[in-house]
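> Below is a structure I'd like to ask you about.
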Amino acid sequence: MMTAPYHLTRRDVAGLDLFRGLPAAALDEVLVKTQCRVLARDCRVFNQGDGHIRAHALLKGSVRISQSGRDGKQIVVRFIAASEMFGAMALFTDRRYLADAETLTEVVEVSWSEPDLLNLMTRYPQVAINALKVVGRRIQEAQYRVRELSTQPVDRRVAHTLLRLAKQAGRRAHDGVTIPFPLRRKDIGDICGTTLYSVSRVLTVWERQGFLVSQDQQLTITKLSAIERIADDEHTSPV
């Protein structure tokens with residue numbers, strides 16, 4: 001469902017990871033080639049397997065990326081926050097989206113066709129460099145997550161997941177850092193490779209200890225330093 005239209009400006013595209021460092025004239029050309037949509041919460045941006053692909057980015061809001069296996073089981077693989085790209089990997093692989101993308105809040109989403117994006121990369125190499133940096137960060141994050149799955153107990157993996165989400169999208173509040181979108185415990189379990197039961201057990205203990213508060217599927221980390229200590233402590237005993 002689409003809500004009210006959004007007036008896209010040069011400043012909007014200049015703030016995206018993909019177009020950082022471009023001169024004003026290049027940003028004006030980007031604007032001409034940009035499709036912009038305002039989508040309500042719980043809208044599907046694209047579906048896994050779709051072949052009508054575009055490169056996407058967020059100006060505002062949050063998106064959940066979920067992937068389904070042949071057995072139909074779906075897991076959350078990533079959350080997308082403002083300024084971040086998503087869906088673009090399909091342009092460089094088999095030209096089908098690798099996952100579903102669903103809005104968690106009202107979002108302002110922008111996108112580009114494959115010919116337009118490749119033309120921008122050819123005309124302005126900084127766009128290609130920025131895209132490589134984004135891909136590099138995603139690969140680095142994936143490597144960290146694989147290492148965590150292989151070597152760390154559940155409480156440390158949950159701590160790392162919360163810290164990444166806080167860094168990616170967190171907002172300072174009077175009582176800590178709030179992750180400003182609906183965050184199910186199952187989502188946390190999917191990302192850090194554990195069960196809903198294990199995540200619930202860990203988060204319940206941390207809530208009792210005053211490290212975080214969970215209300216209406218929004219989580220606020222009230223003692224960031226405590227979560228950081230758990231993430232960094234190789235000798236932490238499982239909760």
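Within each chain, counting starts at residue 1; across the structure tokens, chains are named A, B, ... in the order shown, with ligands numbered 1 upward in that order.
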List every residue of range 75-128 of chain A that has an atom at most 12 Å from any atom of range 28-32 of chain A, giving for each one its closest atom pair and the distance in Å to one decimal, counting only C-alpha atoms, sorted by chain and then by ascending residue number, as JSON lines.

{"residue": "A:Val110", "atom": "CA", "partner": "A:Leu31", "partner_atom": "CA", "distance": 10.0}
{"residue": "A:Ser111", "atom": "CA", "partner": "A:Val30", "partner_atom": "CA", "distance": 10.4}
{"residue": "A:Trp112", "atom": "CA", "partner": "A:Val30", "partner_atom": "CA", "distance": 9.1}
{"residue": "A:Ser113", "atom": "CA", "partner": "A:Val30", "partner_atom": "CA", "distance": 11.6}
{"residue": "A:Asp116", "atom": "CA", "partner": "A:Val30", "partner_atom": "CA", "distance": 8.9}
{"residue": "A:Leu117", "atom": "CA", "partner": "A:Val30", "partner_atom": "CA", "distance": 8.9}
{"residue": "A:Leu118", "atom": "CA", "partner": "A:Val30", "partner_atom": "CA", "distance": 11.7}
{"residue": "A:Asn119", "atom": "CA", "partner": "A:Val30", "partner_atom": "CA", "distance": 10.3}
{"residue": "A:Leu120", "atom": "CA", "partner": "A:Val30", "partner_atom": "CA", "distance": 7.5}
{"residue": "A:Met121", "atom": "CA", "partner": "A:Val30", "partner_atom": "CA", "distance": 10.7}
{"residue": "A:Arg123", "atom": "CA", "partner": "A:Glu29", "partner_atom": "CA", "distance": 10.3}
{"residue": "A:Tyr124", "atom": "CA", "partner": "A:Val30", "partner_atom": "CA", "distance": 10.4}
{"residue": "A:Val127", "atom": "CA", "partner": "A:Val30", "partner_atom": "CA", "distance": 10.4}
> For Phe86 in chain A, work out the shell of residues within 8 Å, counting only C-alpha atoms and skipping chain neighbours fewer than 4 positions away, then give it as a ChimeraX atom specification.
/A:55-57,80
> For Pro125 in chain A, work out the shell of residues within 12 Å, counting only C-alpha atoms and skipping chain neighbours fewer than 3 positions away, then give it as a list in words.
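Contacts, with the query itself left out: Leu18, Phe19, Arg20, Gly21, Leu22, Ala26, Leu117, Leu118, Asn119, Leu120, Met121, Thr122, Ala128, Ile129, Asn130, Ala131 and Leu132 of chain A.
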> I'd like to know which residues of range 1-237 of chain A are strand (DSSP E or B) (by DSSP, run on the backbone); could you write them as an NGL selection string?
:A and (2 or 35-39 or 44-46 or 55-60 or 63-68 or 74-80 or 85-86 or 100-103 or 107-112 or 171-173 or 176-179 or 212-215 or 218-221)
> Next, the residues of the selection above should be written as a PDB file, in the first residue's frame with C-alpha atoms.

ATOM      1  CA  MET A   2       1.389   3.429  -0.950  1.00  0.00           C
ATOM      2  CA  GLN A  35      12.159   5.828  -8.782  1.00  0.00           C
ATOM      3  CA  CYS A  36      10.813   6.777  -5.351  1.00  0.00           C
ATOM      4  CA  ARG A  37       8.012   5.114  -3.376  1.00  0.00           C
ATOM      5  CA  VAL A  38       6.509   5.658   0.058  1.00  0.00           C
ATOM      6  CA  LEU A  39       5.294   2.343   1.464  1.00  0.00           C
ATOM      7  CA  ARG A  44       6.324  -6.390   0.384  1.00  0.00           C
ATOM      8  CA  VAL A  45       9.041  -4.489  -1.511  1.00  0.00           C
ATOM      9  CA  PHE A  46       9.955  -7.541  -3.583  1.00  0.00           C
ATOM     10  CA  ALA A  55      18.717  -1.954  -7.083  1.00  0.00           C
ATOM     11  CA  HIS A  56      17.068  -0.553  -3.937  1.00  0.00           C
ATOM     12  CA  ALA A  57      17.977   1.743  -1.055  1.00  0.00           C
ATOM     13  CA  LEU A  58      16.166   3.262   1.907  1.00  0.00           C
ATOM     14  CA  LEU A  59      15.838   6.946   2.689  1.00  0.00           C
ATOM     15  CA  LYS A  60      13.700   6.395   5.787  1.00  0.00           C
ATOM     16  CA  VAL A  63      13.073  -3.333   5.990  1.00  0.00           C
ATOM     17  CA  ARG A  64      13.395  -7.001   6.966  1.00  0.00           C
ATOM     18  CA  ILE A  65      15.166  -9.359   4.542  1.00  0.00           C
ATOM     19  CA  SER A  66      14.009 -12.986   4.825  1.00  0.00           C
ATOM     20  CA  GLN A  67      14.996 -16.059   2.841  1.00  0.00           C
ATOM     21  CA  SER A  68      13.020 -19.274   2.314  1.00  0.00           C
ATOM     22  CA  GLN A  74      11.801 -18.828   6.310  1.00  0.00           C
ATOM     23  CA  ILE A  75      14.596 -17.167   8.264  1.00  0.00           C
ATOM     24  CA  VAL A  76      15.564 -13.537   8.724  1.00  0.00           C
ATOM     25  CA  VAL A  77      19.013 -12.799   7.296  1.00  0.00           C
ATOM     26  CA  ARG A  78      19.302  -9.028   7.680  1.00  0.00           C
ATOM     27  CA  PHE A  79      17.636  -5.747   8.548  1.00  0.00           C
ATOM     28  CA  ILE A  80      18.032  -2.712   6.297  1.00  0.00           C
ATOM     29  CA  MET A  85      21.318  -0.625  -0.276  1.00  0.00           C
ATOM     30  CA  PHE A  86      19.423  -3.883  -0.694  1.00  0.00           C
ATOM     31  CA  ASP A 100      11.947 -11.346   0.360  1.00  0.00           C
ATOM     32  CA  ALA A 101      11.995  -7.716   1.488  1.00  0.00           C
ATOM     33  CA  GLU A 102       9.188  -6.482   3.753  1.00  0.00           C
ATOM     34  CA  THR A 103       8.708  -3.089   5.404  1.00  0.00           C
ATOM     35  CA  VAL A 107       9.486   3.633   4.491  1.00  0.00           C
ATOM     36  CA  VAL A 108      10.733   5.890   1.745  1.00  0.00           C
ATOM     37  CA  GLU A 109      12.342   3.538  -0.777  1.00  0.00           C
ATOM     38  CA  VAL A 110      14.267   4.445  -3.919  1.00  0.00           C
ATOM     39  CA  SER A 111      15.441   2.195  -6.736  1.00  0.00           C
ATOM     40  CA  TRP A 112      17.196   2.071 -10.100  1.00  0.00           C
ATOM     41  CA  ARG A 171      18.414   5.915  18.215  1.00  0.00           C
ATOM     42  CA  ARG A 172      19.531   7.558  21.423  1.00  0.00           C
ATOM     43  CA  ALA A 173      16.753   7.741  23.986  1.00  0.00           C
ATOM     44  CA  GLY A 176      19.529   4.107  26.373  1.00  0.00           C
ATOM     45  CA  VAL A 177      19.660   3.126  22.703  1.00  0.00           C
ATOM     46  CA  THR A 178      16.422   2.044  21.041  1.00  0.00           C
ATOM     47  CA  ILE A 179      16.257  -0.232  17.989  1.00  0.00           C
ATOM     48  CA  LEU A 212      17.567  -3.817  28.343  1.00  0.00           C
ATOM     49  CA  VAL A 213      13.850  -3.171  28.106  1.00  0.00           C
ATOM     50  CA  SER A 214      11.456  -4.750  25.599  1.00  0.00           C
ATOM     51  CA  GLN A 215       8.065  -3.190  24.925  1.00  0.00           C
ATOM     52  CA  GLN A 218      10.790  -2.577  20.366  1.00  0.00           C
ATOM     53  CA  LEU A 219      13.982  -3.155  22.283  1.00  0.00           C
ATOM     54  CA  THR A 220      15.977  -0.532  24.183  1.00  0.00           C
ATOM     55  CA  ILE A 221      19.480  -1.321  25.402  1.00  0.00           C
TER      56      ILE A 221
END
> Would you please give, as a ChimeraX atom specification, all residues of range 16-229 of chain A that DSSP assigns to alpha helix (DSSP H) based on the backbone?
/A:24-32,114-123,125-151,154-169,185-192,196-208,224-229
> Counting only C-alpha atoms, which of A:Gln143, A:Thr93, A:Asn47, A:Ser225 gets nearest to Leu163 in chain A?
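The shortest atom-to-atom distance to Leu163 in chain A comes from A:Ser225.
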> Near Thr195 in chain A, within 12 Å and counting only C-alpha atoms, which residues show up once chain neighbours fewer than 3 positions away are dropped, as a list of chain:residue names?
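Result of the neighbour search: A:Ile75, A:Val154, A:Asp155, A:Arg157, A:Val158, A:Arg185, A:Lys186, A:Asp187, A:Ile188, A:Gly189, A:Asp190, A:Ile191, A:Cys192, A:Ser198, A:Val199, A:Ser200, A:Arg201, A:Val202.
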> Produce a file of the selected residues containing N, CA and C atoms, as a compact mmCIF listing (two decimals), in the first residue's frame.

# COMPACT_ATOMS: atom_id res chain seq x y z
N ILE A 75 13.77 -17.75 7.21
CA ILE A 75 14.60 -17.17 8.26
C ILE A 75 14.95 -15.73 7.90
N VAL A 154 25.72 -18.86 23.02
CA VAL A 154 24.53 -18.14 22.58
C VAL A 154 24.50 -16.71 23.11
N ASP A 155 24.84 -16.51 24.39
CA ASP A 155 24.73 -15.16 24.96
C ASP A 155 25.64 -14.17 24.24
N ARG A 157 26.63 -14.41 21.08
CA ARG A 157 26.08 -14.20 19.74
C ARG A 157 24.90 -13.23 19.78
N VAL A 158 24.04 -13.38 20.79
CA VAL A 158 22.91 -12.46 20.94
C VAL A 158 23.43 -11.05 21.20
N ARG A 185 11.71 -11.92 18.78
CA ARG A 185 12.79 -12.76 19.33
C ARG A 185 13.20 -13.84 18.32
N LYS A 186 12.25 -14.29 17.53
CA LYS A 186 12.60 -15.24 16.47
C LYS A 186 13.59 -14.62 15.49
N ASP A 187 13.40 -13.33 15.17
CA ASP A 187 14.32 -12.65 14.25
C ASP A 187 15.74 -12.66 14.79
N ILE A 188 15.87 -12.37 16.07
CA ILE A 188 17.20 -12.38 16.70
C ILE A 188 17.79 -13.78 16.63
N GLY A 189 16.95 -14.78 16.91
CA GLY A 189 17.42 -16.16 16.85
C GLY A 189 17.88 -16.54 15.46
N ASP A 190 17.13 -16.14 14.44
CA ASP A 190 17.52 -16.43 13.06
C ASP A 190 18.89 -15.85 12.74
N ILE A 191 19.09 -14.60 13.10
CA ILE A 191 20.33 -13.90 12.74
C ILE A 191 21.52 -14.48 13.47
N CYS A 192 21.34 -14.85 14.74
CA CYS A 192 22.51 -15.35 15.47
C CYS A 192 22.55 -16.87 15.56
N SER A 198 16.10 -20.17 23.24
CA SER A 198 17.39 -19.72 23.77
C SER A 198 17.47 -18.20 23.82
N VAL A 199 16.98 -17.53 22.78
CA VAL A 199 16.98 -16.07 22.77
C VAL A 199 16.10 -15.53 23.89
N SER A 200 14.92 -16.12 24.06
CA SER A 200 14.01 -15.67 25.10
C SER A 200 14.64 -15.82 26.48
N ARG A 201 15.34 -16.93 26.69
CA ARG A 201 15.99 -17.16 27.98
C ARG A 201 17.05 -16.10 28.26
N VAL A 202 17.89 -15.81 27.25
CA VAL A 202 18.96 -14.82 27.41
C VAL A 202 18.37 -13.43 27.66
> Please determine, counting only C-alpha atoms, which residue among A:Asp216, A:Asp50, A:Glu228, A:Glu84 has the shortest atom-to-atom distance to Val13 in chain A.
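Among the listed residues, the smallest separation from Val13 in chain A belongs to A:Glu84.
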> CA of Arg95 in chain A and CA of Asp12 in chain A, how far apart in Å?
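CA of Arg95 in chain A lies 27.0 Å from CA of Asp12 in chain A.
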> In Å to one decimal, how far is CA of Ser62 in chain A from CA of Leu165 in chain A?
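About the pair CA of Leu165 in chain A and CA of Ser62 in chain A: they are 11.3 Å apart.
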> To one decimal in Å, tell me the separation between CA of Ile230 in chain A and CA of Ala159 in chain A.
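Atom-to-atom, CA of Ile230 in chain A to CA of Ala159 in chain A, that is 6.5 Å.
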